[in-house]
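So the structure is just underneath, and the comments pick up after that.
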Amino acid sequence: TMTSELLADYEEGTWTPTQGAGLTVVGAFTSSGTYTKIGRLVSVYGTVFGATSVATTAGTVMFQSLPFSAAEISPVGAMNNDNRNVFGGISAFGTSVYSVTTIAAGTRIDFSITYSV
């Protein structure tokens, strides 16, 4: 078997996003997330909650503490779960996730990011 054919780096786990300066939260902030890392590729899934509401401002840090540092800017998307028609652009770089667009207020924002380390 060739080295490139081996699956030698696989990991699954949970992580907790921390609130960034661009995340406007009314009420208590809570968050949760899971990740899968296969080689240099990491996929994270999660939710940030505001007891009353949570929203983002374009061009700011939405949340921090990705489980692995993103090697390059990775554009992805997020959804305001109170209104499934509200989507926003986000991007990962380093251990932070930036809101590219404003995401309207709702009680939660769900997101999925795949990036390389």
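In the structure tokens, the first chain shown is A, the next is B, and so on; residue numbers restart at 1 for each chain, and ligands run from 1 in the order shown.
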
Residues within 8 Å of Pro17 (chain A), only C-alpha atoms, excluding chain neighbours under 2 positions, as a compact mmCIF listing (two decimals) with N, CA, C and O atoms, in the first residue's frame:
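This went into result_26.txt:
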# COMPACT_ATOMS: atom_id res chain seq x y z
N TRP A 15 -16.55 20.76 20.43
CA TRP A 15 -15.86 22.00 20.77
C TRP A 15 -16.91 23.06 21.09
O TRP A 15 -18.09 22.90 20.77
N GLN A 19 -17.84 33.60 22.00
CA GLN A 19 -18.45 34.77 21.38
C GLN A 19 -17.41 35.75 20.87
O GLN A 19 -16.47 36.09 21.58
N SER A 31 -23.36 28.01 23.20
CA SER A 31 -22.92 27.51 21.90
C SER A 31 -22.52 26.05 22.02
O SER A 31 -22.23 25.56 23.11
N SER A 32 -22.51 25.38 20.88
CA SER A 32 -22.06 23.99 20.85
C SER A 32 -21.58 23.68 19.44
O SER A 32 -21.96 24.33 18.48
N GLY A 33 -20.72 22.66 19.35
CA GLY A 33 -20.23 22.27 18.04
C GLY A 33 -19.59 20.90 18.05
O GLY A 33 -19.19 20.39 19.10
N VAL A 48 -24.80 28.80 17.59
CA VAL A 48 -24.65 29.81 18.62
C VAL A 48 -26.06 30.31 18.96
O VAL A 48 -26.88 30.52 18.07
N PHE A 63 -17.41 34.35 15.90
CA PHE A 63 -17.00 33.55 17.05
C PHE A 63 -15.57 33.08 16.87
O PHE A 63 -15.01 33.19 15.79
N GLN A 64 -15.00 32.58 17.95
CA GLN A 64 -13.61 32.16 17.94
C GLN A 64 -13.48 30.75 18.50
O GLN A 64 -14.46 30.14 18.89
N SER A 65 -12.28 30.27 18.54
CA SER A 65 -11.88 28.99 19.13
C SER A 65 -12.20 27.78 18.26
O SER A 65 -12.59 26.73 18.77
N LEU A 66 -12.01 27.91 16.93
CA LEU A 66 -12.12 26.72 16.09
C LEU A 66 -11.19 25.65 16.65
O LEU A 66 -10.13 25.96 17.19

Spatial neighbours of Thr60 (chain A), max dist 10 Å, only C-alpha atoms, sep filter under 5 positions, as number ranges by chain: A: 20-23, 90, 96-102

Using C-alpha atoms, can you write the selected residues to a file as an mmCIF file, in the first residue's frame?
data_model
loop_
_atom_site.group_PDB
_atom_site.id
_atom_site.type_symbol
_atom_site.label_atom_id
_atom_site.label_comp_id
_atom_site.auth_asym_id
_atom_site.auth_seq_id
_atom_site.Cartn_x
_atom_site.Cartn_y
_atom_site.Cartn_z
ATOM 1 C CA GLY A 20 -16.713 37.202 19.035
ATOM 2 C CA ALA A 21 -17.005 40.999 19.065
ATOM 3 C CA GLY A 22 -19.264 40.996 15.982
ATOM 4 C CA LEU A 23 -21.895 38.709 17.505
ATOM 5 C CA ILE A 90 -19.056 33.601 6.895
ATOM 6 C CA SER A 96 -11.785 32.772 14.171
ATOM 7 C CA VAL A 97 -14.928 32.865 12.045
ATOM 8 C CA TYR A 98 -15.815 36.178 10.408
ATOM 9 C CA SER A 99 -19.252 37.321 9.335
ATOM 10 C CA VAL A 100 -18.990 38.446 5.715
ATOM 11 C CA THR A 101 -22.617 39.551 5.632
ATOM 12 C CA THR A 102 -25.050 40.675 8.304
#

Proximity to Pro67 (chain A) - best of A:Thr14, A:Thr114, A:Thr47, A:Thr52, only C-alpha atoms: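 Under the stated criterion, the closest residue is A:Thr14.
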
When you count only C-alpha atoms, which of these residues is closest to Leu7 (chain A): A:Gly27, A:Gly88, A:Gly39, A:Gly46?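 Nearest to Leu7 (chain A): A:Gly39.
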
Check the smallest atom-to-atom distance from each of A:Thr30, A:Thr18, A:Thr24, A:Ser91 to Ala55 (chain A) using only C-alpha atoms, then report the winner. A:Thr24
